[in-house]
Amino acid sequence: MDCFDISASGLAAQRGRLNVIAANIANVETTVTDTGGPYRRQQVIFASKGSNPGGVEVVGVVPDPREARQVYQPGHPNADAEGFVAYPNVNIVEEMVDLVSATRSYEANAAAFNAAKAMAQQALDLGRA
Amino acid sequence: MKCNLLAEVTSQALAAALRGTAARQAALANNIANVDTPTFTRTEVEFEQALAGALREARRAPSHCAGQLRVPPPRGHEDHSAPRREDGNNVSIEREMTALARNALAHRAASELLASRIRMLRAVIHGNRRG
């Protein structure tokens with residue numbers, strides 16, 4: 001695997017993470033899903049790829065096992081017998097921090113890609129010396 | 001004596017430096033790509049010492065033209081000395097980015113020197129005419 005593929009794998013993995021964060025933020029108030037119950041926060045699992053250096057890949061998107069947020073809203077159609085509505089276990093502050101972290105990691109991979117591109121360009125310029 | 005124009009010690013050393021910095025670039029890119037991978041261990045590429053040793057060896061050879069530079073191919077090794085985060089990952093993005101900048105400059109220096117070497121040869125061949 002060359003430098004370009006490695007940086008590309010990093011960019012793709014961070015973009016995948018951004019997609020999941022965006023879904024979490026979009027569903028912060030979703031009380032009903034296809035599987036019933038409120039939306040569950042999703043998180044990506046990264047793993048380094050076999051051959052060293054082989055880049056990174058997203059090996060799974062798994063739900064967060066934490067409990068749903070209970071909010072007292074007796075008038076809500078999804079309220080239980082006691083008047084509590086189960087809201088997603090998404091913490092918006094946590095998601096925003098994760099979002100910034102993913103963006104920075106994406107930028108770092110873009111910088112590594114640019115460095116590799118500059119090096120390849122210099123190698124090409126050797127022929128023009 | 002037969003003498004391949006780019007087979008003298010200087011060009012070979014510069015080529016070895018280019019190979020080394022290219023291998024290090026791949027290792028650094030991999031470290032950066034895995035900055036958020038739990039339990040990942042960073043890879044370090046060291047080629048300068050081997051290259052310096054090969055240069056010392058070549059200096060002892062009778063002729064610089066005949067001197068063959070024996071540089072082992074650059075190889076990466078896992079660096080367990082860096083402190084680990086809570087998730088078991090020991091990549092520091094600051095360290096990787098500074099190493100990336102330094103490595104890009106080293107690669108540039110080697111490639112500029114090799115280019116000037118080629119320009120010198122061309123000047124000798126063409127009697128310093130353009131083209």
# chains A, B, ... in the order shown; residues from 1 in each chain; ligands from 1
call {"tool": "interface_residues", "arguments": {"of": "chain B", "to": "chain A", "cutoff": "10 Å", "atoms": "only C-alpha atoms", "output": "NGL selection string"}}
result
:B and (18 or 21-43 or 76-78 or 93-94 or 96-97 or 100-101 or 103-105 or 107-120 or 122)
call {"tool": "residues_around", "arguments": {"residues": "region 24-41 of chain A", "least_positions_apart": "2", "cutoff": "9 Å", "atoms": "only C-alpha atoms", "output": "ChimeraX atom specification"}}
result
/A:19-22,43,62-66,68,78,85-92,95-96
call {"tool": "select_by_dssp", "arguments": {"residues": "chain B", "states": "alpha helix (DSSP H)", "output": "ChimeraX atom specification"}}
result
/B:9-33,48-59,93-126
call {"tool": "atom_distance", "arguments": {"atom1": "CA of Val59 (chain A)", "atom2": "CA of Val44 (chain A)"}}
result
7.7 Å
